[in-house]
$ cat coords_22.cif   # mmCIF, C-alpha atoms
data_structure
#
loop_
_atom_site.group_PDB
_atom_site.id
_atom_site.type_symbol
_atom_site.label_atom_id
_atom_site.label_comp_id
_atom_site.auth_asym_id
_atom_site.auth_seq_id
_atom_site.Cartn_x
_atom_site.Cartn_y
_atom_site.Cartn_z
ATOM 1 C CA MET A 36 164.666 -83.213 247.787
ATOM 2 C CA LEU A 37 161.039 -82.672 246.763
ATOM 3 C CA ARG A 38 160.451 -86.415 246.501
ATOM 4 C CA GLN A 39 161.717 -86.905 250.037
ATOM 5 C CA ASN A 40 159.844 -83.995 251.612
ATOM 6 C CA TRP A 41 156.514 -84.056 249.772
ATOM 7 C CA TRP A 42 154.686 -85.310 252.853
ATOM 8 C CA LYS A 43 156.086 -82.436 254.942
ATOM 9 C CA ILE A 44 154.809 -79.934 252.375
ATOM 10 C CA LEU A 45 151.453 -81.735 252.426
ATOM 11 C CA CYS A 46 151.419 -81.517 256.233
ATOM 12 C CA VAL A 47 151.880 -77.739 256.148
ATOM 13 C CA ILE A 48 149.178 -77.314 253.477
ATOM 14 C CA LEU A 49 146.686 -79.462 255.384
ATOM 15 C CA LEU A 50 147.286 -77.613 258.655
ATOM 16 C CA ILE A 51 146.894 -74.233 256.953
ATOM 17 C CA TYR A 52 143.629 -75.511 255.493
ATOM 18 C CA THR A 53 142.565 -76.723 258.950
ATOM 19 C CA PHE A 54 143.228 -73.384 260.635
ATOM 20 C CA VAL A 55 141.633 -71.273 257.904
ATOM 21 C CA ALA A 56 138.565 -73.455 257.437
ATOM 22 C CA GLY A 57 138.394 -74.233 261.135
ATOM 23 C CA PHE A 58 138.208 -70.614 262.255
ATOM 24 C CA LEU A 59 136.524 -69.012 259.250
ATOM 25 C CA GLY A 60 134.476 -71.788 257.641
ATOM 26 C CA PRO A 61 130.810 -72.529 258.345
ATOM 27 C CA VAL A 62 129.900 -74.723 261.309
ATOM 28 C CA PRO A 63 126.560 -76.119 262.462
ATOM 29 C CA ALA A 64 124.593 -74.068 264.979
ATOM 30 C CA LYS A 65 124.430 -76.555 267.836
ATOM 31 C CA PRO A 66 122.927 -75.619 271.200
ATOM 32 C CA ILE A 67 125.347 -75.551 274.134
ATOM 33 C CA LEU A 68 128.358 -75.882 271.804
ATOM 34 C CA ASN A 69 127.783 -72.806 269.645
ATOM 35 C CA GLU A 70 131.054 -71.469 268.157
ATOM 36 C CA THR A 71 133.179 -73.668 270.436
ATOM 37 C CA ILE A 72 132.375 -76.497 268.047
ATOM 38 C CA ARG A 73 135.401 -75.303 266.045
ATOM 39 C CA ASN A 74 137.597 -76.895 268.685
ATOM 40 C CA TYR A 75 136.564 -80.241 267.170
ATOM 41 C CA TYR A 76 139.303 -79.842 264.553
ATOM 42 C CA PHE A 77 141.909 -79.626 267.298
ATOM 43 C CA HIS A 78 140.657 -81.495 270.370
ATOM 44 C CA ILE A 79 139.270 -84.588 268.634
ATOM 45 C CA ALA A 80 142.155 -84.674 266.162
ATOM 46 C CA MET A 81 144.627 -84.808 269.064
ATOM 47 C CA TRP A 82 143.042 -88.014 270.389
ATOM 48 C CA PHE A 83 142.865 -89.675 266.979
ATOM 49 C CA CYS A 84 146.508 -88.840 266.285
ATOM 50 C CA MET A 85 147.519 -89.984 269.759
ATOM 51 C CA MET A 86 146.049 -93.393 268.957
ATOM 52 C CA ILE A 87 147.862 -93.497 265.613
ATOM 53 C CA LEU A 88 151.177 -92.710 267.300
ATOM 54 C CA PHE A 89 150.613 -95.224 270.101
ATOM 55 C CA ILE A 90 149.723 -97.912 267.552
ATOM 56 C CA THR A 91 152.940 -97.165 265.668
ATOM 57 C CA SER A 92 154.893 -97.349 268.929
ATOM 58 C CA LEU A 93 153.246 -100.689 269.701
ATOM 59 C CA VAL A 94 154.230 -102.098 266.299
ATOM 60 C CA TYR A 95 157.866 -101.149 266.838
ATOM 61 C CA SER A 96 157.876 -102.656 270.337
ATOM 62 C CA ILE A 97 156.633 -105.932 268.890
ATOM 63 C CA LYS A 98 159.271 -105.718 266.169
ATOM 64 C CA TYR A 99 161.940 -105.212 268.821
ATOM 65 C CA LEU A 100 160.817 -108.271 270.793
ATOM 66 C CA ARG A 101 160.967 -110.346 267.606
ATOM 67 C CA THR A 102 164.334 -109.098 266.330
ATOM 68 C CA ASN A 103 166.205 -107.467 269.262
ATOM 69 C CA ASN A 104 167.063 -104.635 266.874
ATOM 70 C CA HIS A 105 167.862 -101.598 269.014
ATOM 71 C CA ILE A 106 166.644 -99.230 266.292
ATOM 72 C CA PHE A 107 163.094 -100.498 266.774
ATOM 73 C CA ASP A 108 163.301 -99.705 270.487
ATOM 74 C CA ILE A 109 164.235 -96.101 269.672
ATOM 75 C CA TYR A 110 161.308 -95.828 267.266
ATOM 76 C CA ALA A 111 158.893 -97.260 269.836
ATOM 77 C CA LEU A 112 160.097 -94.870 272.531
ATOM 78 C CA GLU A 113 159.951 -91.727 270.414
ATOM 79 C CA TYR A 114 156.520 -92.481 268.944
ATOM 80 C CA ALA A 115 155.237 -93.091 272.474
ATOM 81 C CA LYS A 116 156.676 -89.759 273.625
ATOM 82 C CA THR A 117 154.995 -87.867 270.788
ATOM 83 C CA GLY A 118 151.770 -89.734 271.496
ATOM 84 C CA ILE A 119 151.922 -88.580 275.106
ATOM 85 C CA VAL A 120 152.389 -84.979 273.949
ATOM 86 C CA TYR A 121 149.316 -85.291 271.748
ATOM 87 C CA GLY A 122 147.400 -86.779 274.658
ATOM 88 C CA VAL A 123 148.327 -83.828 276.886
ATOM 89 C CA LEU A 124 147.254 -81.452 274.099
ATOM 90 C CA GLY A 125 144.003 -83.376 273.840
ATOM 91 C CA LEU A 126 143.395 -82.927 277.574
ATOM 92 C CA THR A 127 144.301 -79.231 277.396
ATOM 93 C CA THR A 128 142.092 -78.403 274.414
ATOM 94 C CA GLY A 129 139.315 -80.450 275.975
ATOM 95 C CA SER A 130 139.627 -78.581 279.247
ATOM 96 C CA VAL A 131 139.417 -75.241 277.446
ATOM 97 C CA TRP A 132 136.375 -76.478 275.544
ATOM 98 C CA ALA A 133 134.737 -77.647 278.768
ATOM 99 C CA GLY A 134 135.328 -74.275 280.392
ATOM 100 C CA PHE A 135 133.126 -72.589 277.786
ATOM 101 C CA THR A 136 130.438 -75.282 277.429
ATOM 102 C CA TRP A 137 130.244 -76.927 280.857
ATOM 103 C CA ASN A 138 131.216 -73.795 282.844
ATOM 104 C CA ALA A 139 134.109 -75.683 284.405
ATOM 105 C CA PHE A 140 137.518 -76.530 283.022
ATOM 106 C CA TRP A 141 137.474 -79.812 284.933
ATOM 107 C CA SER A 142 134.374 -81.685 286.070
ATOM 108 C CA ASN A 143 135.637 -85.248 286.688
ATOM 109 C CA ASP A 144 133.791 -86.426 283.600
ATOM 110 C CA PRO A 145 134.390 -90.177 282.998
ATOM 111 C CA LYS A 146 136.129 -89.504 279.691
ATOM 112 C CA GLN A 147 138.377 -86.900 281.308
ATOM 113 C CA LEU A 148 139.328 -89.277 284.107
ATOM 114 C CA GLY A 149 139.878 -92.178 281.709
ATOM 115 C CA ALA A 150 142.173 -90.059 279.555
ATOM 116 C CA VAL A 151 144.225 -89.018 282.593
ATOM 117 C CA VAL A 152 144.608 -92.637 283.712
ATOM 118 C CA ALA A 153 145.715 -93.692 280.215
ATOM 119 C CA LEU A 154 148.327 -90.940 280.049
ATOM 120 C CA LEU A 155 149.613 -91.755 283.531
ATOM 121 C CA ILE A 156 150.114 -95.360 282.440
ATOM 122 C CA TYR A 157 152.169 -94.175 279.473
ATOM 123 C CA LEU A 158 154.130 -91.737 281.634
ATOM 124 C CA ALA A 159 154.960 -94.696 283.870
ATOM 125 C CA TYR A 160 156.457 -96.304 280.747
ATOM 126 C CA LEU A 161 158.972 -93.460 280.541
ATOM 127 C CA VAL A 162 159.700 -93.625 284.272
ATOM 128 C CA LEU A 163 160.223 -97.384 284.080
ATOM 129 C CA ARG A 164 162.707 -97.034 281.235
ATOM 130 C CA ASN A 165 164.641 -94.288 282.996
ATOM 131 C CA SER A 166 164.925 -96.426 286.127
ATOM 132 C CA MET A 167 167.105 -99.013 284.347
ATOM 133 C CA THR A 168 170.672 -98.568 283.136
ATOM 134 C CA ASP A 169 171.128 -101.835 281.226
ATOM 135 C CA VAL A 170 170.248 -101.035 277.602
ATOM 136 C CA ASP A 171 168.985 -104.496 276.598
ATOM 137 C CA LYS A 172 166.994 -105.026 279.782
ATOM 138 C CA ARG A 173 165.469 -101.559 279.482
ATOM 139 C CA ALA A 174 164.452 -102.199 275.892
ATOM 140 C CA ARG A 175 162.906 -105.625 276.587
ATOM 141 C CA ILE A 176 160.965 -104.595 279.685
ATOM 142 C CA GLY A 177 159.985 -101.326 278.046
ATOM 143 C CA ALA A 178 158.631 -103.153 275.001
ATOM 144 C CA VAL A 179 156.546 -105.508 277.145
ATOM 145 C CA TYR A 180 155.209 -102.630 279.230
ATOM 146 C CA ASN A 181 154.416 -100.651 276.064
ATOM 147 C CA ILE A 182 152.176 -103.505 274.908
ATOM 148 C CA PHE A 183 150.449 -103.475 278.298
ATOM 149 C CA ALA A 184 150.022 -99.687 278.187
ATOM 150 C CA PHE A 185 148.404 -99.877 274.760
ATOM 151 C CA ALA A 186 146.039 -102.612 275.912
ATOM 152 C CA MET A 187 144.951 -100.391 278.814
ATOM 153 C CA LEU A 188 143.875 -97.654 276.384
ATOM 154 C CA PHE A 189 140.753 -99.615 275.492
ATOM 155 C CA PRO A 190 139.179 -99.894 278.967
ATOM 156 C CA THR A 191 140.307 -96.434 280.109
ATOM 157 C CA ILE A 192 139.336 -94.442 277.002
ATOM 158 C CA TRP A 193 137.031 -96.488 274.798
ATOM 159 C CA ILE A 194 135.059 -98.883 277.043
ATOM 160 C CA ILE A 195 134.537 -97.792 280.655
ATOM 161 C CA PRO A 196 133.735 -94.096 279.913
ATOM 162 C CA ARG A 197 131.049 -95.208 277.447
ATOM 163 C CA LEU A 198 129.319 -97.390 280.031
ATOM 164 C CA VAL A 199 128.396 -94.379 282.159
ATOM 165 C CA ASP A 200 126.757 -91.027 281.443
ATOM 166 C CA SER A 201 129.004 -88.236 280.185
ATOM 167 C CA LEU A 202 128.844 -84.501 279.547
ATOM 168 C CA HIS A 203 130.522 -85.018 276.192
ATOM 169 C CA PRO A 204 128.495 -84.468 273.000
ATOM 170 C CA GLY A 205 126.141 -87.363 272.445
ATOM 171 C CA GLY A 206 125.555 -87.816 276.179
ATOM 172 C CA SER A 207 123.478 -86.049 278.847
ATOM 173 C CA GLY A 208 121.303 -84.493 276.176
ATOM 174 C CA ASN A 209 124.202 -82.774 274.398
ATOM 175 C CA PRO A 210 123.950 -82.956 270.610
ATOM 176 C CA ALA A 211 126.354 -85.180 268.694
ATOM 177 C CA ILE A 212 128.497 -83.304 266.193
ATOM 178 C CA ASN A 213 130.475 -85.842 264.169
ATOM 179 C CA ALA A 214 127.795 -86.359 261.496
ATOM 180 C CA ASP A 215 127.649 -82.785 260.216
ATOM 181 C CA VAL A 216 128.886 -82.358 256.632
ATOM 182 C CA HIS A 217 130.814 -79.136 257.387
ATOM 183 C CA ILE A 218 132.695 -80.858 260.186
ATOM 184 C CA ARG A 219 133.582 -83.850 258.010
ATOM 185 C CA MET A 220 134.816 -81.659 255.136
ATOM 186 C CA VAL A 221 137.491 -80.130 257.359
ATOM 187 C CA PHE A 222 138.244 -82.883 259.855
ATOM 188 C CA TRP A 223 138.795 -85.935 257.647
ATOM 189 C CA PRO A 224 140.711 -84.457 254.680
ATOM 190 C CA GLY A 225 142.530 -81.751 256.640
ATOM 191 C CA ALA A 226 142.737 -81.829 260.415
ATOM 192 C CA LEU A 227 143.282 -85.540 261.024
ATOM 193 C CA PRO A 228 145.941 -86.228 258.341
ATOM 194 C CA GLY A 229 147.558 -82.840 258.953
ATOM 195 C CA TRP A 230 148.052 -83.346 262.676
ATOM 196 C CA ALA A 231 149.064 -86.985 262.143
ATOM 197 C CA LEU A 232 151.760 -86.021 259.646
ATOM 198 C CA LEU A 233 153.004 -83.353 262.055
ATOM 199 C CA GLY A 234 153.320 -86.002 264.757
ATOM 200 C CA VAL A 235 155.317 -88.243 262.424
ATOM 201 C CA TRP A 236 157.485 -85.290 261.414
ATOM 202 C CA ILE A 237 158.274 -84.416 265.029
ATOM 203 C CA THR A 238 159.006 -88.046 265.845
ATOM 204 C CA THR A 239 161.363 -88.564 262.913
ATOM 205 C CA LEU A 240 163.351 -85.523 264.023
ATOM 206 C CA ARG A 241 163.580 -86.885 267.566
ATOM 207 C CA ILE A 242 164.662 -90.291 266.269
ATOM 208 C CA ARG A 243 167.458 -88.706 264.239
ATOM 209 C CA LEU A 244 168.606 -86.725 267.273
ATOM 210 C CA GLN A 245 168.576 -89.836 269.447
ATOM 211 C CA MET A 246 170.612 -91.785 266.918
ATOM 212 C CA LEU A 247 173.148 -88.974 266.581
ATOM 213 C CA SER A 248 173.419 -88.783 270.358
ATOM 214 C CA GLU A 249 174.104 -92.521 270.621
ATOM 215 C CA GLN A 250 176.679 -92.363 267.821
ATOM 216 C CA ARG A 251 178.591 -89.676 269.720
ATOM 217 C CA LEU A 252 178.524 -91.793 272.873
ATOM 218 C CA HIS A 253 180.034 -94.740 271.014
#

$ encode --input "coords_22.cif" --output "structure tokens"
Amino acid sequence: MLRQNWWKILCVILLIYTFVAGFLGPVPAKPILNETIRNYYFHIAMWFCMMILFITSLVYSIKYLRTNNHIFDIYALEYAKTGIVYGVLGLTTGSVWAGFTWNAFWSNDPKQLGAVVALLIYLAYLVLRNSMTDVDKRARIGAVYNIFAFAMLFPTIWIIPRLVDSLHPGGSGNPAINADVHIRMVFWPGALPGWALLGVWITTLRIRLQMLSEQRLH
């Protein structure tokens, strides 16, 4: 049992470390950001983990197209769903952060708008799948669309928002925060792997439920 669940125990330990160090540990005194900089361990981690989950979903979609194995389609779908949840959490934590630093929870910042567009594209993936009743057709078209949705992440999140000025740290005179040693000591060994493992944990549970549901139907 311990050999099978060691990564779940590690996930809990890392998240406890993230919360304790994130709220009580030292942070750099940055103008504008002040104590809200602690949100870095949650907001930024959500986006990193979202990308990890979407990449995993992409891999399984490609595997499905190569093998027509229905199990891979289930994996792709559930990892995409968890990735969307992380994306929504990233938007929410970012909005809260903006409310305290930019004096507005939403300011149509390019990175905010790009993130919304990316999530809408992935939500359309779920709508597209639900619009089809044929299992094989749904899986094939869904896999192709999933590849397209992942490709659209780069212009909407990583490219276009960086071509224009932004209120985010590192732009518009706001100080960058990712180089501080205190931030790195919590984010890289704790927050990022902790939240990523939680996403995998949630997804594996959803995959098991989906498989059990399909077994009952058959």

$ closest_residue --input "coords_22.cif" --among "A:Thr191, A:Thr102, A:Asn40, A:Ser201" --to "Arg175 (chain A)" --atoms "all atoms listed in the file"
A:Thr102

$ closest_residue --input "coords_22.cif" --among "A:Val123, A:Val131, A:Ala56, A:Ala115" --to "Thr71 (chain A)" --atoms "all atoms listed in the file"
A:Val131

$ resolve_selection --input "coords_22.cif" --expression "the PyMOL selection byres ((chain A and resi 246) around 12)" --output "MDAnalysis selection string"
chainID A and resid 105:110 113 239:245 247:253

$ residues_around --input "coords_22.cif" --residues "Gly125 (chain A)" --least-positions-apart "2" --cutoff "7 Å" --atoms "all atoms listed in the file" --output "JSON, numbers by chain"
{"A": [78, 81, 82, 121, 122, 123, 127, 128, 129]}

$ closest_residue --input "coords_22.cif" --among "A:Pro145, A:Gly57, A:Pro190, A:Pro196" --to "Ala226 (chain A)" --atoms "all atoms listed in the file"
A:Gly57

$ residues_around --input "coords_22.cif" --residues "Trp223 (chain A)" --least-positions-apart "4" --cutoff "12 Å" --atoms "all atoms listed in the file" --output "PyMOL selection string"
chain A and resi 49-50+52-53+75-77+79-80+83-84+213-219+227-231

$ residues_around --input "coords_22.cif" --residues "Leu161 (chain A)" --least-positions-apart "6" --cutoff "12 Å" --atoms "all atoms listed in the file" --output "list in words"
Ala111, Leu112, Glu113, Tyr114, Ala115, Lys116, Thr117, Ile119, Leu154, Leu155, Met167, Arg173, Ala174, Ile176, Gly177, Ala178, Tyr180, Asn181 and Ala184 of chain A

$ resolve_selection --input "coords_22.cif" --expression "the PyMOL selection byres ((chain A and resi 89) around 7)" --output "JSON list (two decimals) with C-alpha atoms, keeping the file's coordinate frame"
[["chain", "number", "residue", "atom", "x", "y", "z"],
["A", 85, "MET", "CA", 147.52, -89.98, 269.76],
["A", 86, "MET", "CA", 146.05, -93.39, 268.96],
["A", 87, "ILE", "CA", 147.86, -93.50, 265.61],
["A", 88, "LEU", "CA", 151.18, -92.71, 267.30],
["A", 90, "ILE", "CA", 149.72, -97.91, 267.55],
["A", 91, "THR", "CA", 152.94, -97.16, 265.67],
["A", 92, "SER", "CA", 154.89, -97.35, 268.93],
["A", 93, "LEU", "CA", 153.25, -100.69, 269.70],
["A", 114, "TYR", "CA", 156.52, -92.48, 268.94],
["A", 115, "ALA", "CA", 155.24, -93.09, 272.47],
["A", 118, "GLY", "CA", 151.77, -89.73, 271.50],
["A", 185, "PHE", "CA", 148.40, -99.88, 274.76]]

$ resolve_selection --input "coords_22.cif" --expression "the PyMOL selection byres ((chain A and resi 195) around 12)" --output "list in words"
Asp144, Pro145, Lys146, Gln147, Leu148, Gly149, Ala150, Val152, Ala153, Met187, Leu188, Phe189, Pro190, Thr191, Ile192, Trp193, Ile194, Pro196, Arg197, Leu198, Val199, Asp200 and Ser201 of chain A

$ residues_around --input "coords_22.cif" --residues "Trp141 (chain A)" --least-positions-apart "2" --cutoff "7 Å" --atoms "only C-alpha atoms" --output "list in words"
Ser130, Ala139 and Asn143 of chain A

$ atom_distance --input "coords_22.cif" --atom1 "CA of Leu100 (chain A)" --atom2 "CA of Ala159 (chain A)"
19.7 Å

$ atom_distance --input "coords_22.cif" --atom1 "CA of Leu68 (chain A)" --atom2 "CA of Phe135 (chain A)"
8.3 Å

$ axis_aligned_box --input "coords_22.cif" --around "region 168-178 of chain A" --padding-each-side "3 Å" --output "JSON"
{"center_x": 164.9, "center_y": -102.1, "center_z": 279.1, "size_x": 18.5, "size_y": 13.1, "size_z": 14.1}

$ atom_distance --input "coords_22.cif" --atom1 "CA of Leu163 (chain A)" --atom2 "CA of Trp236 (chain A)"
25.8 Å
